[in-house]
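Worksheet: one structure, shown below.
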Amino acid sequence: MGTDEAEQRDVAGAIRSLSTVDLARLRALARLRARRLPGIDWSDILHEAIVRALDGTRRWPPGVPVVVFLAGCMRSIEHDLRRRLAQERAWREHDPADCEGADPERAIAAAQALGAIVALFSGDETVLRIIEGLGHGRAAAEIRAQHGLSQTDYDSARKRLRRALLRLDSEGGPR
């Protein structure tokens with residue numbers, strides 16, 4: 001059995017052995033976190049924290065009580081969800097299809113730039129998946145998990161994307 005498997009078993013065992021008081025504390029913290037997130041139920045936040053702990057997305061540091069670790073996971077989840085909601089709200093406010101009087105030239109230029117980027121990577125499925133994930137406001141860990149990418153594969157694809165974008169001029173064409 002590898003170290004990762006032993007770690008996961010420890011996390012699962014620690015979660016199973018949480019006392020009723022600890023569970024009540026975690027529920028209360030999840031409720032506090034959910035208050036600031038419209039449309040998100042407290043149980044979703046708590047369950048997501050447990051899932052991230054169990055699947056290894058979040059590592060349980062040695063010496064940190066499991067309740068404190070799960071509370072930190074929930075804080076991180078709340079932060080991610082709030083960031084995503086704010087980003088979606090900003091996109092809706094600036095979506096040319098939703099706004100009358102929006103600058104059509106700017107919308108066309110943005111669509112052309114995105115088209116040029118996608119065309120550059122038409123043969124690179126990994127980069128296209130990353131672009132799609134970023135466009136939906138997903139974090140790197142979510143994109144990697146969703147598409148089964150290793151950290152190295154993800155980082156390499158991000159570098160290819162970054163280098164290509166640096167080669168493009170402000171008009172969206174190659175330099």
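Here, A, B, ... name the chains of the structure tokens in the order displayed, residue numbers run from 1 inside each chain, and ligands are numbered from 1 in the same displayed order.
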### Task
Would you list the contacts of Phe121 of chain A as a VMD selection string, taking every protein, DNA or RNA residue within 10 Å and counting only C-alpha atoms, but skipping same-chain residues closer than 5 positions in sequence?
chain A and resid 116 126 to 128 131 160 to 161 164
C-alpha atoms of the current selection, written as a short mmCIF file (atom, residue, chain, number, x, y, z; two decimals), in the first residue's frame:
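The result, stored in part02.cif:
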data_model
loop_
_atom_site.label_atom_id
_atom_site.label_comp_id
_atom_site.auth_asym_id
_atom_site.auth_seq_id
_atom_site.Cartn_x
_atom_site.Cartn_y
_atom_site.Cartn_z
CA ALA A 116 -7.92 32.84 -33.32
CA THR A 126 -5.63 19.56 -23.54
CA VAL A 127 -5.27 23.30 -24.15
CA LEU A 128 -8.82 23.49 -25.51
CA ILE A 131 -9.55 27.24 -22.18
CA ARG A 160 1.94 26.32 -24.40
CA LEU A 161 -1.17 28.49 -24.08
CA ALA A 164 1.06 31.34 -27.86
#
### Residue contacts of Arg16 of chain A (12 Å, only C-alpha atoms) excluding same-chain residues fewer than 4 positions away, as an MDAnalysis selection string
chainID A and resid 9:12 20 22:23 50 54 66:67
Go ahead and save the residues from that selection, with C-alpha atoms, as a CSV table (one decimal), in the first residue's frame.
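Contents of result.csv, freshly written:
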chain,number,residue,atom,x,y,z
A,9,ARG,CA,-7.4,5.8,4.8
A,10,ASP,CA,-6.4,8.1,7.7
A,11,VAL,CA,-8.6,10.9,6.4
A,12,ALA,CA,-11.6,8.5,5.9
A,20,THR,CA,-21.6,14.4,17.3
A,22,ASP,CA,-17.6,18.0,15.8
A,23,LEU,CA,-20.3,17.3,13.2
A,50,ILE,CA,-15.4,15.9,2.6
A,54,LEU,CA,-11.2,11.9,0.5
A,66,VAL,CA,-9.6,17.1,11.1
A,67,VAL,CA,-12.3,19.6,12.1
### Separation of atom CA of Ala109 of chain A from atom CA of Arg92 of chain A, in Å and rounded to one decimal
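Distance reported for this atom pair: 18.1 Å.
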### Query
Contacts of His79 of chain A at 12 Å or less, counting only C-alpha atoms, minus same-chain residues fewer than 5 places along, as a PyMOL selection string?
chain A and resi 33-34+36-37+45+72-74+84-86+139
Would you save the residues of that selection, restricted to N, CA and C atoms, as a tab-separated table (two decimals), in the first residue's frame?
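Wrote it out as out.tsv, contents follow:
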chain	number	residue	atom	x	y	z
A	33	ARG	N	-21.10	29.66	5.97
A	33	ARG	CA	-20.51	29.84	4.64
A	33	ARG	C	-21.60	29.95	3.57
A	34	ALA	N	-22.65	29.15	3.69
A	34	ALA	CA	-23.71	29.13	2.67
A	34	ALA	C	-24.57	30.39	2.70
A	36	ARG	N	-23.73	33.36	2.55
A	36	ARG	CA	-23.21	34.36	1.60
A	36	ARG	C	-23.24	33.87	0.16
A	37	LEU	N	-23.81	32.68	-0.05
A	37	LEU	CA	-23.82	32.09	-1.39
A	37	LEU	C	-25.25	31.78	-1.80
A	45	ILE	N	-21.73	22.42	0.66
A	45	ILE	CA	-20.40	22.89	1.04
A	45	ILE	C	-19.70	21.85	1.92
A	72	GLY	N	-11.23	24.60	6.96
A	72	GLY	CA	-10.42	25.29	5.95
A	72	GLY	C	-10.84	24.94	4.53
A	73	CYS	N	-11.19	23.67	4.33
A	73	CYS	CA	-11.68	23.25	3.01
A	73	CYS	C	-12.96	24.01	2.68
A	74	MET	N	-13.87	24.12	3.66
A	74	MET	CA	-15.14	24.82	3.41
A	74	MET	C	-14.89	26.30	3.11
A	84	ARG	N	-16.47	32.55	-8.43
A	84	ARG	CA	-17.15	32.09	-9.64
A	84	ARG	C	-18.46	32.84	-9.85
A	85	LEU	N	-19.23	33.04	-8.78
A	85	LEU	CA	-20.49	33.77	-8.90
A	85	LEU	C	-20.24	35.21	-9.34
A	86	ALA	N	-19.22	35.84	-8.77
A	86	ALA	CA	-18.89	37.22	-9.15
A	86	ALA	C	-18.45	37.28	-10.62
A	139	ALA	N	-11.35	26.27	-11.31
A	139	ALA	CA	-9.99	26.31	-10.79
A	139	ALA	C	-9.16	25.23	-11.48
DSSP on the backbone, alpha helix (DSSP H) only: what residues of segment 97-152 of chain A does that give? Format it as a PDB file with all heavy atoms, in the first residue's frame.
ATOM      1  N   PRO A 104     -20.726  46.858 -30.638  1.00  0.00           N
ATOM      2  CA  PRO A 104     -20.660  45.665 -31.482  1.00  0.00           C
ATOM      3  C   PRO A 104     -19.254  45.395 -32.022  1.00  0.00           C
ATOM      4  O   PRO A 104     -18.866  44.251 -32.186  1.00  0.00           O
ATOM      5  CB  PRO A 104     -21.640  45.937 -32.614  1.00  0.00           C
ATOM      6  CG  PRO A 104     -22.073  47.341 -32.481  1.00  0.00           C
ATOM      7  CD  PRO A 104     -21.613  47.861 -31.167  1.00  0.00           C
ATOM      8  N   GLU A 105     -18.487  46.447 -32.273  1.00  0.00           N
ATOM      9  CA  GLU A 105     -17.130  46.251 -32.774  1.00  0.00           C
ATOM     10  C   GLU A 105     -16.272  45.525 -31.743  1.00  0.00           C
ATOM     11  O   GLU A 105     -15.480  44.647 -32.083  1.00  0.00           O
ATOM     12  CB  GLU A 105     -16.495  47.598 -33.128  1.00  0.00           C
ATOM     13  CG  GLU A 105     -17.091  48.223 -34.371  1.00  0.00           C
ATOM     14  CD  GLU A 105     -16.475  49.579 -34.669  1.00  0.00           C
ATOM     15  OE1 GLU A 105     -15.340  49.848 -34.200  1.00  0.00           O
ATOM     16  OE2 GLU A 105     -17.125  50.354 -35.370  1.00  0.00           O
ATOM     17  N   ARG A 106     -16.447  45.903 -30.503  1.00  0.00           N
ATOM     18  CA  ARG A 106     -15.686  45.269 -29.420  1.00  0.00           C
ATOM     19  C   ARG A 106     -16.078  43.799 -29.290  1.00  0.00           C
ATOM     20  O   ARG A 106     -15.227  42.930 -29.102  1.00  0.00           O
ATOM     21  CB  ARG A 106     -15.944  46.023 -28.122  1.00  0.00           C
ATOM     22  CG  ARG A 106     -15.067  45.598 -27.003  1.00  0.00           C
ATOM     23  CD  ARG A 106     -15.232  46.544 -25.835  1.00  0.00           C
ATOM     24  NE  ARG A 106     -14.510  46.006 -24.704  1.00  0.00           N
ATOM     25  CZ  ARG A 106     -14.682  46.389 -23.475  1.00  0.00           C
ATOM     26  NH1 ARG A 106     -15.556  47.337 -23.197  1.00  0.00           N
ATOM     27  NH2 ARG A 106     -13.992  45.856 -22.504  1.00  0.00           N
ATOM     28  N   ALA A 107     -17.363  43.513 -29.400  1.00  0.00           N
ATOM     29  CA  ALA A 107     -17.840  42.133 -29.307  1.00  0.00           C
ATOM     30  C   ALA A 107     -17.296  41.298 -30.462  1.00  0.00           C
ATOM     31  O   ALA A 107     -16.876  40.151 -30.277  1.00  0.00           O
ATOM     32  CB  ALA A 107     -19.368  42.104 -29.301  1.00  0.00           C
ATOM     33  N   ILE A 108     -17.269  41.878 -31.654  1.00  0.00           N
ATOM     34  CA  ILE A 108     -16.746  41.165 -32.821  1.00  0.00           C
ATOM     35  C   ILE A 108     -15.250  40.922 -32.654  1.00  0.00           C
ATOM     36  O   ILE A 108     -14.757  39.819 -32.931  1.00  0.00           O
ATOM     37  CB  ILE A 108     -17.045  41.954 -34.120  1.00  0.00           C
ATOM     38  CG1 ILE A 108     -18.556  41.928 -34.396  1.00  0.00           C
ATOM     39  CG2 ILE A 108     -16.251  41.383 -35.289  1.00  0.00           C
ATOM     40  CD1 ILE A 108     -18.985  42.864 -35.505  1.00  0.00           C
ATOM     41  N   ALA A 109     -14.521  41.933 -32.170  1.00  0.00           N
ATOM     42  CA  ALA A 109     -13.078  41.780 -31.963  1.00  0.00           C
ATOM     43  C   ALA A 109     -12.788  40.694 -30.928  1.00  0.00           C
ATOM     44  O   ALA A 109     -11.871  39.880 -31.108  1.00  0.00           O
ATOM     45  CB  ALA A 109     -12.461  43.104 -31.526  1.00  0.00           C
ATOM     46  N   ALA A 110     -13.570  40.659 -29.859  1.00  0.00           N
ATOM     47  CA  ALA A 110     -13.381  39.638 -28.828  1.00  0.00           C
ATOM     48  C   ALA A 110     -13.659  38.248 -29.379  1.00  0.00           C
ATOM     49  O   ALA A 110     -12.910  37.299 -29.122  1.00  0.00           O
ATOM     50  CB  ALA A 110     -14.282  39.927 -27.629  1.00  0.00           C
ATOM     51  N   ALA A 111     -14.720  38.116 -30.164  1.00  0.00           N
ATOM     52  CA  ALA A 111     -15.065  36.824 -30.755  1.00  0.00           C
ATOM     53  C   ALA A 111     -13.974  36.378 -31.730  1.00  0.00           C
ATOM     54  O   ALA A 111     -13.611  35.200 -31.778  1.00  0.00           O
ATOM     55  CB  ALA A 111     -16.414  36.908 -31.459  1.00  0.00           C
ATOM     56  N   GLN A 112     -13.436  37.320 -32.509  1.00  0.00           N
ATOM     57  CA  GLN A 112     -12.371  36.986 -33.450  1.00  0.00           C
ATOM     58  C   GLN A 112     -11.105  36.571 -32.711  1.00  0.00           C
ATOM     59  O   GLN A 112     -10.424  35.624 -33.123  1.00  0.00           O
ATOM     60  CB  GLN A 112     -12.086  38.165 -34.374  1.00  0.00           C
ATOM     61  CG  GLN A 112     -13.171  38.388 -35.396  1.00  0.00           C
ATOM     62  CD  GLN A 112     -12.950  39.654 -36.216  1.00  0.00           C
ATOM     63  OE1 GLN A 112     -12.223  40.556 -35.811  1.00  0.00           O
ATOM     64  NE2 GLN A 112     -13.607  39.724 -37.366  1.00  0.00           N
ATOM     65  N   ALA A 113     -10.782  37.273 -31.617  1.00  0.00           N
ATOM     66  CA  ALA A 113      -9.590  36.924 -30.837  1.00  0.00           C
ATOM     67  C   ALA A 113      -9.734  35.529 -30.241  1.00  0.00           C
ATOM     68  O   ALA A 113      -8.802  34.717 -30.301  1.00  0.00           O
ATOM     69  CB  ALA A 113      -9.360  37.956 -29.732  1.00  0.00           C
ATOM     70  N   LEU A 114     -10.900  35.245 -29.688  1.00  0.00           N
ATOM     71  CA  LEU A 114     -11.133  33.917 -29.127  1.00  0.00           C
ATOM     72  C   LEU A 114     -11.069  32.860 -30.225  1.00  0.00           C
ATOM     73  O   LEU A 114     -10.483  31.796 -30.046  1.00  0.00           O
ATOM     74  CB  LEU A 114     -12.477  33.856 -28.398  1.00  0.00           C
ATOM     75  CG  LEU A 114     -12.803  32.533 -27.713  1.00  0.00           C
ATOM     76  CD1 LEU A 114     -11.728  32.164 -26.696  1.00  0.00           C
ATOM     77  CD2 LEU A 114     -14.157  32.607 -27.046  1.00  0.00           C
ATOM     78  N   GLY A 115     -11.640  33.168 -31.366  1.00  0.00           N
ATOM     79  CA  GLY A 115     -11.586  32.247 -32.493  1.00  0.00           C
ATOM     80  C   GLY A 115     -10.152  31.970 -32.931  1.00  0.00           C
ATOM     81  O   GLY A 115      -9.802  30.826 -33.246  1.00  0.00           O
ATOM     82  N   ALA A 116      -9.325  33.013 -32.936  1.00  0.00           N
ATOM     83  CA  ALA A 116      -7.918  32.842 -33.315  1.00  0.00           C
ATOM     84  C   ALA A 116      -7.188  31.959 -32.316  1.00  0.00           C
ATOM     85  O   ALA A 116      -6.386  31.093 -32.694  1.00  0.00           O
ATOM     86  CB  ALA A 116      -7.231  34.205 -33.414  1.00  0.00           C
ATOM     87  N   ILE A 117      -7.483  32.135 -31.038  1.00  0.00           N
ATOM     88  CA  ILE A 117      -6.842  31.325 -29.991  1.00  0.00           C
ATOM     89  C   ILE A 117      -7.270  29.871 -30.127  1.00  0.00           C
ATOM     90  O   ILE A 117      -6.438  28.960 -30.089  1.00  0.00           O
ATOM     91  CB  ILE A 117      -7.172  31.884 -28.588  1.00  0.00           C
ATOM     92  CG1 ILE A 117      -6.515  33.254 -28.411  1.00  0.00           C
ATOM     93  CG2 ILE A 117      -6.724  30.914 -27.500  1.00  0.00           C
ATOM     94  CD1 ILE A 117      -7.015  34.033 -27.215  1.00  0.00           C
ATOM     95  N   VAL A 118      -8.554  29.643 -30.297  1.00  0.00           N
ATOM     96  CA  VAL A 118      -9.060  28.272 -30.443  1.00  0.00           C
ATOM     97  C   VAL A 118      -8.477  27.639 -31.705  1.00  0.00           C
ATOM     98  O   VAL A 118      -8.101  26.461 -31.702  1.00  0.00           O
ATOM     99  CB  VAL A 118     -10.603  28.256 -30.440  1.00  0.00           C
ATOM    100  CG1 VAL A 118     -11.135  26.901 -30.833  1.00  0.00           C
ATOM    101  CG2 VAL A 118     -11.130  28.659 -29.063  1.00  0.00           C
ATOM    102  N   ALA A 119      -8.374  28.412 -32.795  1.00  0.00           N
ATOM    103  CA  ALA A 119      -7.812  27.879 -34.041  1.00  0.00           C
ATOM    104  C   ALA A 119      -6.349  27.495 -33.866  1.00  0.00           C
ATOM    105  O   ALA A 119      -5.893  26.483 -34.410  1.00  0.00           O
ATOM    106  CB  ALA A 119      -7.957  28.910 -35.163  1.00  0.00           C
ATOM    107  N   LEU A 120      -5.600  28.294 -33.091  1.00  0.00           N
ATOM    108  CA  LEU A 120      -4.201  27.979 -32.833  1.00  0.00           C
ATOM    109  C   LEU A 120      -4.045  26.608 -32.192  1.00  0.00           C
ATOM    110  O   LEU A 120      -3.066  25.907 -32.421  1.00  0.00           O
ATOM    111  CB  LEU A 120      -3.593  29.013 -31.879  1.00  0.00           C
ATOM    112  CG  LEU A 120      -2.982  30.255 -32.473  1.00  0.00           C
ATOM    113  CD1 LEU A 120      -2.573  31.220 -31.374  1.00  0.00           C
ATOM    114  CD2 LEU A 120      -1.794  29.918 -33.341  1.00  0.00           C
ATOM    115  N   GLU A 125      -6.023  19.106 -27.738  1.00  0.00           N
ATOM    116  CA  GLU A 125      -7.239  18.882 -26.940  1.00  0.00           C
ATOM    117  C   GLU A 125      -7.064  19.342 -25.499  1.00  0.00           C
ATOM    118  O   GLU A 125      -7.994  19.875 -24.886  1.00  0.00           O
ATOM    119  CB  GLU A 125      -7.600  17.395 -26.998  1.00  0.00           C
ATOM    120  CG  GLU A 125      -9.037  17.078 -26.750  1.00  0.00           C
ATOM    121  CD  GLU A 125     -10.016  17.783 -27.686  1.00  0.00           C
ATOM    122  OE1 GLU A 125      -9.745  17.944 -28.883  1.00  0.00           O
ATOM    123  OE2 GLU A 125     -11.073  18.174 -27.192  1.00  0.00           O
ATOM    124  N   THR A 126      -5.870  19.176 -24.936  1.00  0.00           N
ATOM    125  CA  THR A 126      -5.626  19.559 -23.542  1.00  0.00           C
ATOM    126  C   THR A 126      -5.779  21.060 -23.363  1.00  0.00           C
ATOM    127  O   THR A 126      -6.451  21.515 -22.437  1.00  0.00           O
ATOM    128  CB  THR A 126      -4.221  19.094 -23.097  1.00  0.00           C
ATOM    129  OG1 THR A 126      -4.106  17.689 -23.316  1.00  0.00           O
ATOM    130  CG2 THR A 126      -3.988  19.397 -21.633  1.00  0.00           C
ATOM    131  N   VAL A 127      -5.174  21.836 -24.255  1.00  0.00           N
ATOM    132  CA  VAL A 127      -5.273  23.296 -24.150  1.00  0.00           C
ATOM    133  C   VAL A 127      -6.725  23.738 -24.348  1.00  0.00           C
ATOM    134  O   VAL A 127      -7.213  24.613 -23.628  1.00  0.00           O
ATOM    135  CB  VAL A 127      -4.330  23.996 -25.154  1.00  0.00           C
ATOM    136  CG1 VAL A 127      -4.587  25.491 -25.184  1.00  0.00           C
ATOM    137  CG2 VAL A 127      -2.879  23.728 -24.794  1.00  0.00           C
ATOM    138  N   LEU A 128      -7.419  23.124 -25.286  1.00  0.00           N
ATOM    139  CA  LEU A 128      -8.820  23.490 -25.512  1.00  0.00           C
ATOM    140  C   LEU A 128      -9.661  23.210 -24.262  1.00  0.00           C
ATOM    141  O   LEU A 128     -10.551  23.997 -23.912  1.00  0.00           O
ATOM    142  CB  LEU A 128      -9.388  22.745 -26.719  1.00  0.00           C
ATOM    143  CG  LEU A 128      -8.807  23.160 -28.072  1.00  0.00           C
ATOM    144  CD1 LEU A 128      -9.347  22.272 -29.186  1.00  0.00           C
ATOM    145  CD2 LEU A 128      -9.075  24.627 -28.363  1.00  0.00           C
ATOM    146  N   ARG A 129      -9.380  22.116 -23.578  1.00  0.00           N
ATOM    147  CA  ARG A 129     -10.105  21.807 -22.336  1.00  0.00           C
ATOM    148  C   ARG A 129      -9.806  22.828 -21.259  1.00  0.00           C
ATOM    149  O   ARG A 129     -10.691  23.227 -20.503  1.00  0.00           O
ATOM    150  CB  ARG A 129      -9.743  20.408 -21.855  1.00  0.00           C
ATOM    151  CG  ARG A 129     -10.324  19.319 -22.724  1.00  0.00           C
ATOM    152  CD  ARG A 129      -9.860  17.965 -22.308  1.00  0.00           C
ATOM    153  NE  ARG A 129     -10.501  16.935 -23.118  1.00  0.00           N
ATOM    154  CZ  ARG A 129     -10.051  15.711 -23.232  1.00  0.00           C
ATOM    155  NH1 ARG A 129      -8.961  15.336 -22.588  1.00  0.00           N
ATOM    156  NH2 ARG A 129     -10.691  14.837 -23.981  1.00  0.00           N
ATOM    157  N   ILE A 130      -8.553  23.264 -21.185  1.00  0.00           N
ATOM    158  CA  ILE A 130      -8.168  24.277 -20.202  1.00  0.00           C
ATOM    159  C   ILE A 130      -8.863  25.598 -20.516  1.00  0.00           C
ATOM    160  O   ILE A 130      -9.400  26.261 -19.622  1.00  0.00           O
ATOM    161  CB  ILE A 130      -6.638  24.436 -20.148  1.00  0.00           C
ATOM    162  CG1 ILE A 130      -6.020  23.178 -19.525  1.00  0.00           C
ATOM    163  CG2 ILE A 130      -6.244  25.682 -19.359  1.00  0.00           C
ATOM    164  CD1 ILE A 130      -4.511  23.130 -19.593  1.00  0.00           C
ATOM    165  N   ILE A 131      -8.876  25.992 -21.784  1.00  0.00           N
ATOM    166  CA  ILE A 131      -9.548  27.236 -22.183  1.00  0.00           C
ATOM    167  C   ILE A 131     -11.023  27.169 -21.796  1.00  0.00           C
ATOM    168  O   ILE A 131     -11.570  28.117 -21.231  1.00  0.00           O
ATOM    169  CB  ILE A 131      -9.390  27.496 -23.701  1.00  0.00           C
ATOM    170  CG1 ILE A 131      -7.940  27.837 -24.040  1.00  0.00           C
ATOM    171  CG2 ILE A 131     -10.317  28.612 -24.158  1.00  0.00           C
ATOM    172  CD1 ILE A 131      -7.641  27.858 -25.531  1.00  0.00           C
ATOM    173  N   GLU A 132     -11.661  26.044 -22.096  1.00  0.00           N
ATOM    174  CA  GLU A 132     -13.073  25.880 -21.751  1.00  0.00           C
ATOM    175  C   GLU A 132     -13.282  25.966 -20.241  1.00  0.00           C
ATOM    176  O   GLU A 132     -14.185  26.665 -19.771  1.00  0.00           O
ATOM    177  CB  GLU A 132     -13.591  24.536 -22.258  1.00  0.00           C
ATOM    178  CG  GLU A 132     -15.026  24.263 -21.860  1.00  0.00           C
ATOM    179  CD  GLU A 132     -15.456  22.832 -22.127  1.00  0.00           C
ATOM    180  OE1 GLU A 132     -14.602  21.986 -22.448  1.00  0.00           O
ATOM    181  OE2 GLU A 132     -16.655  22.574 -21.982  1.00  0.00           O
ATOM    182  N   GLY A 133     -12.448  25.279 -19.483  1.00  0.00           N
ATOM    183  CA  GLY A 133     -12.578  25.299 -18.023  1.00  0.00           C
ATOM    184  C   GLY A 133     -12.380  26.679 -17.450  1.00  0.00           C
ATOM    185  O   GLY A 133     -13.139  27.121 -16.575  1.00  0.00           O
ATOM    186  N   LEU A 134     -11.371  27.385 -17.931  1.00  0.00           N
ATOM    187  CA  LEU A 134     -11.131  28.752 -17.453  1.00  0.00           C
ATOM    188  C   LEU A 134     -12.297  29.662 -17.824  1.00  0.00           C
ATOM    189  O   LEU A 134     -12.681  30.531 -17.041  1.00  0.00           O
ATOM    190  CB  LEU A 134      -9.817  29.291 -18.029  1.00  0.00           C
ATOM    191  CG  LEU A 134      -8.545  28.599 -17.543  1.00  0.00           C
ATOM    192  CD1 LEU A 134      -7.336  29.116 -18.323  1.00  0.00           C
ATOM    193  CD2 LEU A 134      -8.353  28.789 -16.052  1.00  0.00           C
ATOM    194  N   GLY A 135     -12.856  29.445 -18.998  1.00  0.00           N
ATOM    195  CA  GLY A 135     -14.004  30.241 -19.433  1.00  0.00           C
ATOM    196  C   GLY A 135     -15.220  30.046 -18.546  1.00  0.00           C
ATOM    197  O   GLY A 135     -16.059  30.936 -18.424  1.00  0.00           O
ATOM    198  N   ALA A 140      -7.844  25.353 -11.392  1.00  0.00           N
ATOM    199  CA  ALA A 140      -6.943  24.393 -12.022  1.00  0.00           C
ATOM    200  C   ALA A 140      -7.225  22.972 -11.539  1.00  0.00           C
ATOM    201  O   ALA A 140      -7.267  22.036 -12.346  1.00  0.00           O
ATOM    202  CB  ALA A 140      -5.486  24.773 -11.740  1.00  0.00           C
ATOM    203  N   ALA A 141      -7.421  22.801 -10.245  1.00  0.00           N
ATOM    204  CA  ALA A 141      -7.673  21.453  -9.701  1.00  0.00           C
ATOM    205  C   ALA A 141      -8.953  20.859 -10.285  1.00  0.00           C
ATOM    206  O   ALA A 141      -9.008  19.664 -10.581  1.00  0.00           O
ATOM    207  CB  ALA A 141      -7.758  21.510  -8.181  1.00  0.00           C
ATOM    208  N   GLU A 142      -9.964  21.687 -10.466  1.00  0.00           N
ATOM    209  CA  GLU A 142     -11.222  21.202 -11.039  1.00  0.00           C
ATOM    210  C   GLU A 142     -11.027  20.775 -12.488  1.00  0.00           C
ATOM    211  O   GLU A 142     -11.553  19.743 -12.919  1.00  0.00           O
ATOM    212  CB  GLU A 142     -12.292  22.291 -10.989  1.00  0.00           C
ATOM    213  CG  GLU A 142     -12.793  22.608  -9.606  1.00  0.00           C
ATOM    214  CD  GLU A 142     -13.772  23.769  -9.648  1.00  0.00           C
ATOM    215  OE1 GLU A 142     -13.299  24.928  -9.710  1.00  0.00           O
ATOM    216  OE2 GLU A 142     -14.985  23.521  -9.627  1.00  0.00           O
ATOM    217  N   ILE A 143     -10.279  21.568 -13.248  1.00  0.00           N
ATOM    218  CA  ILE A 143     -10.030  21.253 -14.656  1.00  0.00           C
ATOM    219  C   ILE A 143      -9.241  19.950 -14.757  1.00  0.00           C
ATOM    220  O   ILE A 143      -9.581  19.070 -15.551  1.00  0.00           O
ATOM    221  CB  ILE A 143      -9.283  22.410 -15.361  1.00  0.00           C
ATOM    222  CG1 ILE A 143     -10.162  23.675 -15.399  1.00  0.00           C
ATOM    223  CG2 ILE A 143      -8.856  22.000 -16.772  1.00  0.00           C
ATOM    224  CD1 ILE A 143      -9.422  24.921 -15.839  1.00  0.00           C
ATOM    225  N   ARG A 144      -8.201  19.823 -13.918  1.00  0.00           N
ATOM    226  CA  ARG A 144      -7.400  18.596 -13.938  1.00  0.00           C
ATOM    227  C   ARG A 144      -8.257  17.389 -13.595  1.00  0.00           C
ATOM    228  O   ARG A 144      -8.189  16.352 -14.262  1.00  0.00           O
ATOM    229  CB  ARG A 144      -6.232  18.703 -12.959  1.00  0.00           C
ATOM    230  CG  ARG A 144      -5.108  19.588 -13.440  1.00  0.00           C
ATOM    231  CD  ARG A 144      -3.846  19.405 -12.627  1.00  0.00           C
ATOM    232  NE  ARG A 144      -4.041  19.276 -11.207  1.00  0.00           N
ATOM    233  CZ  ARG A 144      -4.059  20.276 -10.334  1.00  0.00           C
ATOM    234  NH1 ARG A 144      -3.881  21.511 -10.758  1.00  0.00           N
ATOM    235  NH2 ARG A 144      -4.234  20.058  -9.053  1.00  0.00           N
ATOM    236  N   ALA A 145      -9.071  17.506 -12.543  1.00  0.00           N
ATOM    237  CA  ALA A 145      -9.906  16.379 -12.111  1.00  0.00           C
ATOM    238  C   ALA A 145     -10.951  16.029 -13.167  1.00  0.00           C
ATOM    239  O   ALA A 145     -11.182  14.853 -13.460  1.00  0.00           O
ATOM    240  CB  ALA A 145     -10.584  16.710 -10.784  1.00  0.00           C
ATOM    241  N   GLN A 146     -11.579  17.034 -13.745  1.00  0.00           N
ATOM    242  CA  GLN A 146     -12.637  16.798 -14.726  1.00  0.00           C
ATOM    243  C   GLN A 146     -12.115  16.073 -15.965  1.00  0.00           C
ATOM    244  O   GLN A 146     -12.808  15.242 -16.545  1.00  0.00           O
ATOM    245  CB  GLN A 146     -13.282  18.120 -15.135  1.00  0.00           C
ATOM    246  CG  GLN A 146     -14.423  17.957 -16.117  1.00  0.00           C
ATOM    247  CD  GLN A 146     -15.071  19.281 -16.485  1.00  0.00           C
ATOM    248  OE1 GLN A 146     -14.524  20.341 -16.231  1.00  0.00           O
ATOM    249  NE2 GLN A 146     -16.233  19.212 -17.070  1.00  0.00           N
ATOM    250  N   HIS A 147     -10.877  16.381 -16.361  1.00  0.00           N
ATOM    251  CA  HIS A 147     -10.353  15.816 -17.600  1.00  0.00           C
ATOM    252  C   HIS A 147      -9.250  14.786 -17.364  1.00  0.00           C
ATOM    253  O   HIS A 147      -8.609  14.335 -18.314  1.00  0.00           O
ATOM    254  CB  HIS A 147      -9.836  16.932 -18.513  1.00  0.00           C
ATOM    255  CG  HIS A 147     -10.914  17.886 -18.926  1.00  0.00           C
ATOM    256  ND1 HIS A 147     -11.939  17.527 -19.774  1.00  0.00           N
ATOM    257  CD2 HIS A 147     -11.153  19.166 -18.577  1.00  0.00           C
ATOM    258  CE1 HIS A 147     -12.754  18.561 -19.938  1.00  0.00           C
ATOM    259  NE2 HIS A 147     -12.306  19.564 -19.218  1.00  0.00           N
ATOM    260  N   GLN A 151      -0.726  16.955 -12.957  1.00  0.00           N
ATOM    261  CA  GLN A 151      -0.227  18.307 -12.720  1.00  0.00           C
ATOM    262  C   GLN A 151       0.744  18.708 -13.835  1.00  0.00           C
ATOM    263  O   GLN A 151       0.689  19.822 -14.342  1.00  0.00           O
ATOM    264  CB  GLN A 151       0.474  18.382 -11.356  1.00  0.00           C
ATOM    265  CG  GLN A 151       1.005  19.757 -11.004  1.00  0.00           C
ATOM    266  CD  GLN A 151      -0.087  20.740 -10.662  1.00  0.00           C
ATOM    267  OE1 GLN A 151      -1.002  20.405  -9.927  1.00  0.00           O
ATOM    268  NE2 GLN A 151      -0.006  21.945 -11.177  1.00  0.00           N
ATOM    269  N   THR A 152       1.608  17.783 -14.243  1.00  0.00           N
ATOM    270  CA  THR A 152       2.592  18.059 -15.290  1.00  0.00           C
ATOM    271  C   THR A 152       1.915  18.344 -16.629  1.00  0.00           C
ATOM    272  O   THR A 152       2.278  19.298 -17.327  1.00  0.00           O
ATOM    273  CB  THR A 152       3.563  16.873 -15.439  1.00  0.00           C
ATOM    274  OG1 THR A 152       4.160  16.627 -14.159  1.00  0.00           O
ATOM    275  CG2 THR A 152       4.641  17.158 -16.459  1.00  0.00           C
TER     276      THR A 152
END
